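A.B. asks: Dumping the structure here so I can ask a few things about it.
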Amino acid sequence: MKKASALLLSLGFVAHLSGAGPCSAQDLSPKWEDLTSPDFGKAIRRAAGVCVLPIGSIEKFGPAGPLGTNVYVIRLMALEAVKQEYAVVFPEYFVGTTNNVSNHPGTIAYSPSLRRAMLEETTGEMARNGCKKILILNGHSANLAMLQDFLSASMSKPRDHVVYAMQGGPPRMSPLTEETARLPAALRPSRPDADGHGGEERISVLLAHYPDLVHLDRAHDEPIVPVGSRRLDLPSGVLVGVSWFKAVPTGYLGDASGATAARGKALTEYTATRLAEAIRAVKADEESPRLQQEFFRKMLSPVE
Amino acid sequence: MNKKAWMLPLVLGCLLQSPGAGLCSAQDLSPKWEDLTSPDFAKAIRRASGACVLPMGSIDKFGPSGPLGTSLYTIRLMALEAVKQEYAVVFPTYFVSQTSSVSNHPGTIAYSSRLQRDMLDETTSEMARNGCRKILILNGHSANMAMLQDFLGTGMSKPKDYVVYAMQGGPPRMWPLTEETAKLPVALRPSTPGADGHGGEERISVLLAYYPELVHLDRAHDEPIVTVGSRRLDLPAGVLAGVSGFNAAPTGYLGDPSGATAARGRALTEYTAGRLAEAIRAVKADEESPRLQQEFFEKMLKPTE
């Protein structure tokens, strides 16, 4: 019986010669953890060695969103993007910069040295497994400084893989800039000050894709604080660690109550396409690997 | 439609629910850390009496039939099924595990020993900072066990006000049968004596029951079938060597999952989740370990007094 069913499956495989169906390359999951080990090698080849590392965070997301909002949103964007341009997506990752929001229940805040070590070893392990180009998709804006520093510091030691990083979340649609004003109106918030941390934008995305995780009825359980309405009395340009605690005392900015699944779908489609374009560009990029090699040669022997 | 108007039925629905059941009750608090809102998280910790679970999986080869995330999927499933019976807060996805000895296979993620230890240290302390007074690590990757035992041992080097427990959280080994496992339901047993193993019938059965789309049973014979224990280094009993796993399972594949069934997977899950729920219950009730730990730290800090 076992042999008979294996035969039927094999016949099914033969019948699917043209790149579609259960056994074809088209069906290789983009999710690292869902691939078998033998399929993993095929997936890396199909992705031309391009892998994506979506970075989220576990932290308060207002009264309406779950602690994992950023993880859910950035992984969704990545997985939608790789439907358009295949790449291997690293498993769930949430070792983000959350120390300045660790006053709120449920925030997981790893130390700076562990965050850096984790990023270093994760990209190192990805490269060892064939990811010659790694695109970090940042889903938690507070990570950006860490990522910029990580990229700069990574030039300290020769390596044969290139790490790229970009903000991977939906575009900021408030206040409108010259650029964002040209984007579809469906991406805009219902009111100018509705977006923010825990506000309408990402809650709309969750509403479209994970509605069971959203509690819109609780959107007014905490005071509504528009983005930028609370600032420390310091001259412009002076940075201080506690500024976020001043700006967002409850960890909630904007107002999630007007979130809609329609906006969430529009934001996801727009963002996923933008990320797919970035993956395509990273695949095509020959200059960064070449320049990186040249840099390392000169860095190792700067006086030759 | 006016927003307030549609929120009204929700609010009324909440008020009409009987205590402990329904849409707005404590029964509906998700056990998943990442799915709770921050305000609900505090309620969840109270409901769990400060008991939290850390399921530890791994990303490593699981034969030709199972996905790289097999251990991760299995241990999270067991944990989430267990907390349906005895509520506890379940930590998000965790796979920083001891996989160095299988890092020769494509797709294995092998963090350094130092990072594994630091990650475990910070994860448990972050859990404690968030109110987890008792943390039960459910190990889903057997190679972690030595590290976990060492972690618990060295955890006694610095006073802390929370207790970390650990246990193997996967299905019981049903082959070879011991006096104890022989008493368990026959539905838990493999179809043939040598079918279980790393990538073999046991966990593939579990995936088949809950995540059938991740299993490729038709590929079970794509690699040589090697029975657990059939290949050993020629060294005296009791002599350990790091490379022994590479000898024992050269392709990272032991056993044969071709006879895996969803029925066995369900039986294994029900049995294991029941056993884990009992453990969570026991951890909640345990007053001796916290008391002894306090006593130990007092004496450790002033051993000559």
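If you're wondering about the labels, chains in the structure tokens are A, B, ... by order shown, residues count from 1 in each chain, ligands from 1 in order shown.
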Would you write out, as JSON lines, a table of all residues in chain B that have an atom no more than 8 Å from an atom of chain A, listing for each the closest atom pair and the distance in Å to one decimal, considering only C-alpha atoms and ordering rows by chain and rising residue number?
C.D. replies:
{"residue": "B:Met7", "atom": "CA", "partner": "A:Asp217", "partner_atom": "CA", "distance": 6.1}
{"residue": "B:Leu10", "atom": "CA", "partner": "A:Asp217", "partner_atom": "CA", "distance": 7.8}
{"residue": "B:Trp33", "atom": "CA", "partner": "A:Leu67", "partner_atom": "CA", "distance": 7.2}
{"residue": "B:Glu34", "atom": "CA", "partner": "A:Gly68", "partner_atom": "CA", "distance": 4.2}
{"residue": "B:Asp35", "atom": "CA", "partner": "A:Pro66", "partner_atom": "CA", "distance": 4.9}
{"residue": "B:Leu36", "atom": "CA", "partner": "A:Pro66", "partner_atom": "CA", "distance": 4.9}
{"residue": "B:Thr37", "atom": "CA", "partner": "A:Pro66", "partner_atom": "CA", "distance": 4.1}
{"residue": "B:Ser38", "atom": "CA", "partner": "A:Lys60", "partner_atom": "CA", "distance": 5.0}
{"residue": "B:Pro39", "atom": "CA", "partner": "A:Pro63", "partner_atom": "CA", "distance": 6.7}
{"residue": "B:Phe41", "atom": "CA", "partner": "A:Gly106", "partner_atom": "CA", "distance": 6.0}
{"residue": "B:Ala42", "atom": "CA", "partner": "A:Pro105", "partner_atom": "CA", "distance": 6.2}
{"residue": "B:Ile59", "atom": "CA", "partner": "A:Glu33", "partner_atom": "CA", "distance": 6.5}
{"residue": "B:Asp60", "atom": "CA", "partner": "A:Ser37", "partner_atom": "CA", "distance": 7.6}
{"residue": "B:Lys61", "atom": "CA", "partner": "A:Ser37", "partner_atom": "CA", "distance": 5.1}
{"residue": "B:Phe62", "atom": "CA", "partner": "A:Thr36", "partner_atom": "CA", "distance": 7.0}
{"residue": "B:Gly63", "atom": "CA", "partner": "A:Ser37", "partner_atom": "CA", "distance": 7.3}
{"residue": "B:Pro64", "atom": "CA", "partner": "A:Thr36", "partner_atom": "CA", "distance": 6.3}
{"residue": "B:Ser65", "atom": "CA", "partner": "A:Thr36", "partner_atom": "CA", "distance": 6.7}
{"residue": "B:Gly66", "atom": "CA", "partner": "A:Thr36", "partner_atom": "CA", "distance": 5.7}
{"residue": "B:Pro67", "atom": "CA", "partner": "A:Thr36", "partner_atom": "CA", "distance": 4.1}
{"residue": "B:Leu68", "atom": "CA", "partner": "A:Glu33", "partner_atom": "CA", "distance": 4.9}
{"residue": "B:Gly69", "atom": "CA", "partner": "A:Glu33", "partner_atom": "CA", "distance": 4.3}
{"residue": "B:Thr70", "atom": "CA", "partner": "A:Glu33", "partner_atom": "CA", "distance": 7.8}
{"residue": "B:Thr93", "atom": "CA", "partner": "A:Glu92", "partner_atom": "CA", "distance": 6.6}
{"residue": "B:His105", "atom": "CA", "partner": "A:Ser37", "partner_atom": "CA", "distance": 6.8}
{"residue": "B:Pro106", "atom": "CA", "partner": "A:Ser37", "partner_atom": "CA", "distance": 5.3}
{"residue": "B:Gly107", "atom": "CA", "partner": "A:Ser37", "partner_atom": "CA", "distance": 5.8}
{"residue": "B:Thr108", "atom": "CA", "partner": "A:Asn129", "partner_atom": "CA", "distance": 7.7}
{"residue": "B:Ile109", "atom": "CA", "partner": "A:Glu125", "partner_atom": "CA", "distance": 6.0}
{"residue": "B:Ala110", "atom": "CA", "partner": "A:Glu125", "partner_atom": "CA", "distance": 6.8}
{"residue": "B:Tyr111", "atom": "CA", "partner": "A:Glu121", "partner_atom": "CA", "distance": 6.4}
{"residue": "B:Ser112", "atom": "CA", "partner": "A:Glu121", "partner_atom": "CA", "distance": 7.7}
{"residue": "B:Leu115", "atom": "CA", "partner": "A:Ala117", "partner_atom": "CA", "distance": 7.2}
{"residue": "B:Asp118", "atom": "CA", "partner": "A:Leu114", "partner_atom": "CA", "distance": 7.2}
{"residue": "B:Met119", "atom": "CA", "partner": "A:Leu114", "partner_atom": "CA", "distance": 7.2}
{"residue": "B:Glu122", "atom": "CA", "partner": "A:Tyr110", "partner_atom": "CA", "distance": 6.4}
{"residue": "B:Thr123", "atom": "CA", "partner": "A:Tyr110", "partner_atom": "CA", "distance": 7.6}
{"residue": "B:Glu126", "atom": "CA", "partner": "A:Ile108", "partner_atom": "CA", "distance": 6.1}
{"residue": "B:Met127", "atom": "CA", "partner": "A:Ile108", "partner_atom": "CA", "distance": 7.7}
{"residue": "B:Asn130", "atom": "CA", "partner": "A:Gly106", "partner_atom": "CA", "distance": 5.9}
{"residue": "B:Leu214", "atom": "CA", "partner": "A:Asp34", "partner_atom": "CA", "distance": 6.3}
{"residue": "B:Asp218", "atom": "CA", "partner": "A:Ala6", "partner_atom": "CA", "distance": 5.4}
{"residue": "B:Ser258", "atom": "CA", "partner": "A:Lys2", "partner_atom": "CA", "distance": 7.6}
{"residue": "B:Gly259", "atom": "CA", "partner": "A:Lys2", "partner_atom": "CA", "distance": 7.8}
A.B. asks: Suppose we keep C-alpha atoms; can you now write the selection as a PDB file, in the first residue's frame?
C.D. replies:
ATOM      1  CA  MET B   7     -19.361  49.113  19.625  1.00  0.00           C
ATOM      2  CA  LEU B  10     -19.835  44.344  21.872  1.00  0.00           C
ATOM      3  CA  TRP B  33       2.570  36.359  24.848  1.00  0.00           C
ATOM      4  CA  GLU B  34       2.711  38.074  21.443  1.00  0.00           C
ATOM      5  CA  ASP B  35      -1.058  37.941  20.934  1.00  0.00           C
ATOM      6  CA  LEU B  36      -1.932  39.731  24.175  1.00  0.00           C
ATOM      7  CA  THR B  37      -2.297  43.492  24.341  1.00  0.00           C
ATOM      8  CA  SER B  38      -0.042  45.109  26.931  1.00  0.00           C
ATOM      9  CA  PRO B  39      -2.938  45.774  29.360  1.00  0.00           C
ATOM     10  CA  PHE B  41      -0.641  40.863  29.490  1.00  0.00           C
ATOM     11  CA  ALA B  42      -0.772  41.908  33.125  1.00  0.00           C
ATOM     12  CA  ILE B  59      15.958  24.833  13.248  1.00  0.00           C
ATOM     13  CA  ASP B  60      17.750  21.769  11.974  1.00  0.00           C
ATOM     14  CA  LYS B  61      17.411  19.005   9.428  1.00  0.00           C
ATOM     15  CA  PHE B  62      14.567  16.634  10.159  1.00  0.00           C
ATOM     16  CA  GLY B  63      15.163  13.963   7.560  1.00  0.00           C
ATOM     17  CA  PRO B  64      13.876  14.207   3.987  1.00  0.00           C
ATOM     18  CA  SER B  65      10.227  14.371   5.099  1.00  0.00           C
ATOM     19  CA  GLY B  66      10.095  16.978   7.838  1.00  0.00           C
ATOM     20  CA  PRO B  67      10.680  20.728   7.707  1.00  0.00           C
ATOM     21  CA  LEU B  68      13.653  22.398   9.372  1.00  0.00           C
ATOM     22  CA  GLY B  69      11.265  23.817  11.970  1.00  0.00           C
ATOM     23  CA  THR B  70       9.885  20.403  13.058  1.00  0.00           C
ATOM     24  CA  THR B  93       9.053  31.585  19.024  1.00  0.00           C
ATOM     25  CA  HIS B 105      23.194  19.899   7.063  1.00  0.00           C
ATOM     26  CA  PRO B 106      21.648  22.651   4.882  1.00  0.00           C
ATOM     27  CA  GLY B 107      19.437  25.105   6.724  1.00  0.00           C
ATOM     28  CA  THR B 108      20.555  24.351  10.292  1.00  0.00           C
ATOM     29  CA  ILE B 109      20.821  27.551  12.342  1.00  0.00           C
ATOM     30  CA  ALA B 110      23.637  27.079  14.841  1.00  0.00           C
ATOM     31  CA  TYR B 111      24.272  29.898  17.275  1.00  0.00           C
ATOM     32  CA  SER B 112      27.453  29.862  19.358  1.00  0.00           C
ATOM     33  CA  LEU B 115      25.027  33.281  22.574  1.00  0.00           C
ATOM     34  CA  ASP B 118      23.267  34.637  27.030  1.00  0.00           C
ATOM     35  CA  MET B 119      19.979  34.394  25.181  1.00  0.00           C
ATOM     36  CA  GLU B 122      18.270  37.287  29.234  1.00  0.00           C
ATOM     37  CA  THR B 123      15.084  35.610  28.045  1.00  0.00           C
ATOM     38  CA  GLU B 126      13.008  39.348  30.858  1.00  0.00           C
ATOM     39  CA  MET B 127      10.218  36.905  31.558  1.00  0.00           C
ATOM     40  CA  ASN B 130       7.491  40.866  33.321  1.00  0.00           C
ATOM     41  CA  LEU B 214       4.617  20.646   5.905  1.00  0.00           C
ATOM     42  CA  ASP B 218       6.682  10.391  -0.235  1.00  0.00           C
ATOM     43  CA  SER B 258       6.899   6.405   5.887  1.00  0.00           C
ATOM     44  CA  GLY B 259       4.452   4.724   8.254  1.00  0.00           C
TER      45      GLY B 259
END
A.B. asks: Using only C-alpha atoms, which protein or nucleic acid residues come within 8 Å of Thr180 in chain A? Drop anything in the same chain fewer than 5 positions from it, and give the result as a CSV table (one decimal) with C-alpha atoms, in the first residue's frame.
C.D. replies:
chain,number,residue,atom,x,y,z
A,171,PRO,CA,5.0,54.4,4.5
A,172,ARG,CA,4.3,57.2,6.9
A,173,MET,CA,1.2,58.9,5.5
A.B. asks: Could you check how far CA of Ala127 in chain A sits from CA of Gly49 in chain A, in Å to one decimal?
C.D. replies: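 Between CA of Ala127 in chain A and CA of Gly49 in chain A the gap works out to 8.8 Å.
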A.B. asks: In range 88-255 of chain A, what's alpha helix (DSSP H) per DSSP? Answer as a PyMOL selection string?
C.D. replies: chain A and resi 112-128+144-153+200-209+243-247
A.B. asks: CA of Val89 in chain B and CA of Ser49 in chain B, how far apart in Å?
C.D. replies: 9.7 Å
A.B. asks: With only C-alpha atoms as the atoms that count, which of A:Met77, A:Val205, A:Val162, A:Val240 lies nearest to Ser288 in chain A?
C.D. replies: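 Of A:Met77, A:Val205, A:Val162, A:Val240, the one nearest Ser288 in chain A, counting only C-alpha atoms, is A:Val162.
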A.B. asks: Could you pull out the residues in range 69-238 of chain B that DSSP calls strand (DSSP E or B) from the backbone, as a compact mmCIF listing (two decimals) with C-alpha atoms, in the first residue's frame?
C.D. replies:
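Saved the output as selection_1.txt:
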# COMPACT_ATOMS: atom_id res chain seq x y z
CA VAL B 89 1.66 32.44 29.43
CA VAL B 90 3.66 31.00 26.52
CA LYS B 134 7.99 30.50 37.79
CA ILE B 135 9.35 29.68 34.36
CA LEU B 136 8.97 26.19 32.94
CA ILE B 137 11.30 25.54 30.00
CA LEU B 138 9.83 22.90 27.71
CA ASN B 139 12.65 21.40 25.74
CA VAL B 163 12.48 29.89 39.78
CA VAL B 164 13.37 28.26 36.47
CA TYR B 165 12.23 24.68 35.87
CA ALA B 166 13.00 22.57 32.80
CA MET B 167 11.72 19.33 31.33
CA GLN B 168 11.69 17.40 28.08
A.B. asks: Pick out the closest residue to Ser58 in chain B from this set: B:Lys43, B:Arg117, B:Arg219, B:His141. Count only C-alpha atoms.
C.D. replies: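 Result for the nearest residue to Ser58 in chain B: B:His141.
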A.B. asks: CA of Tyr270 in chain A and CA of Ser190 in chain A, how far apart in Å?
C.D. replies: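 If I compute the distance from CA of Ser190 in chain A to CA of Tyr270 in chain A, I get 17.6 Å.
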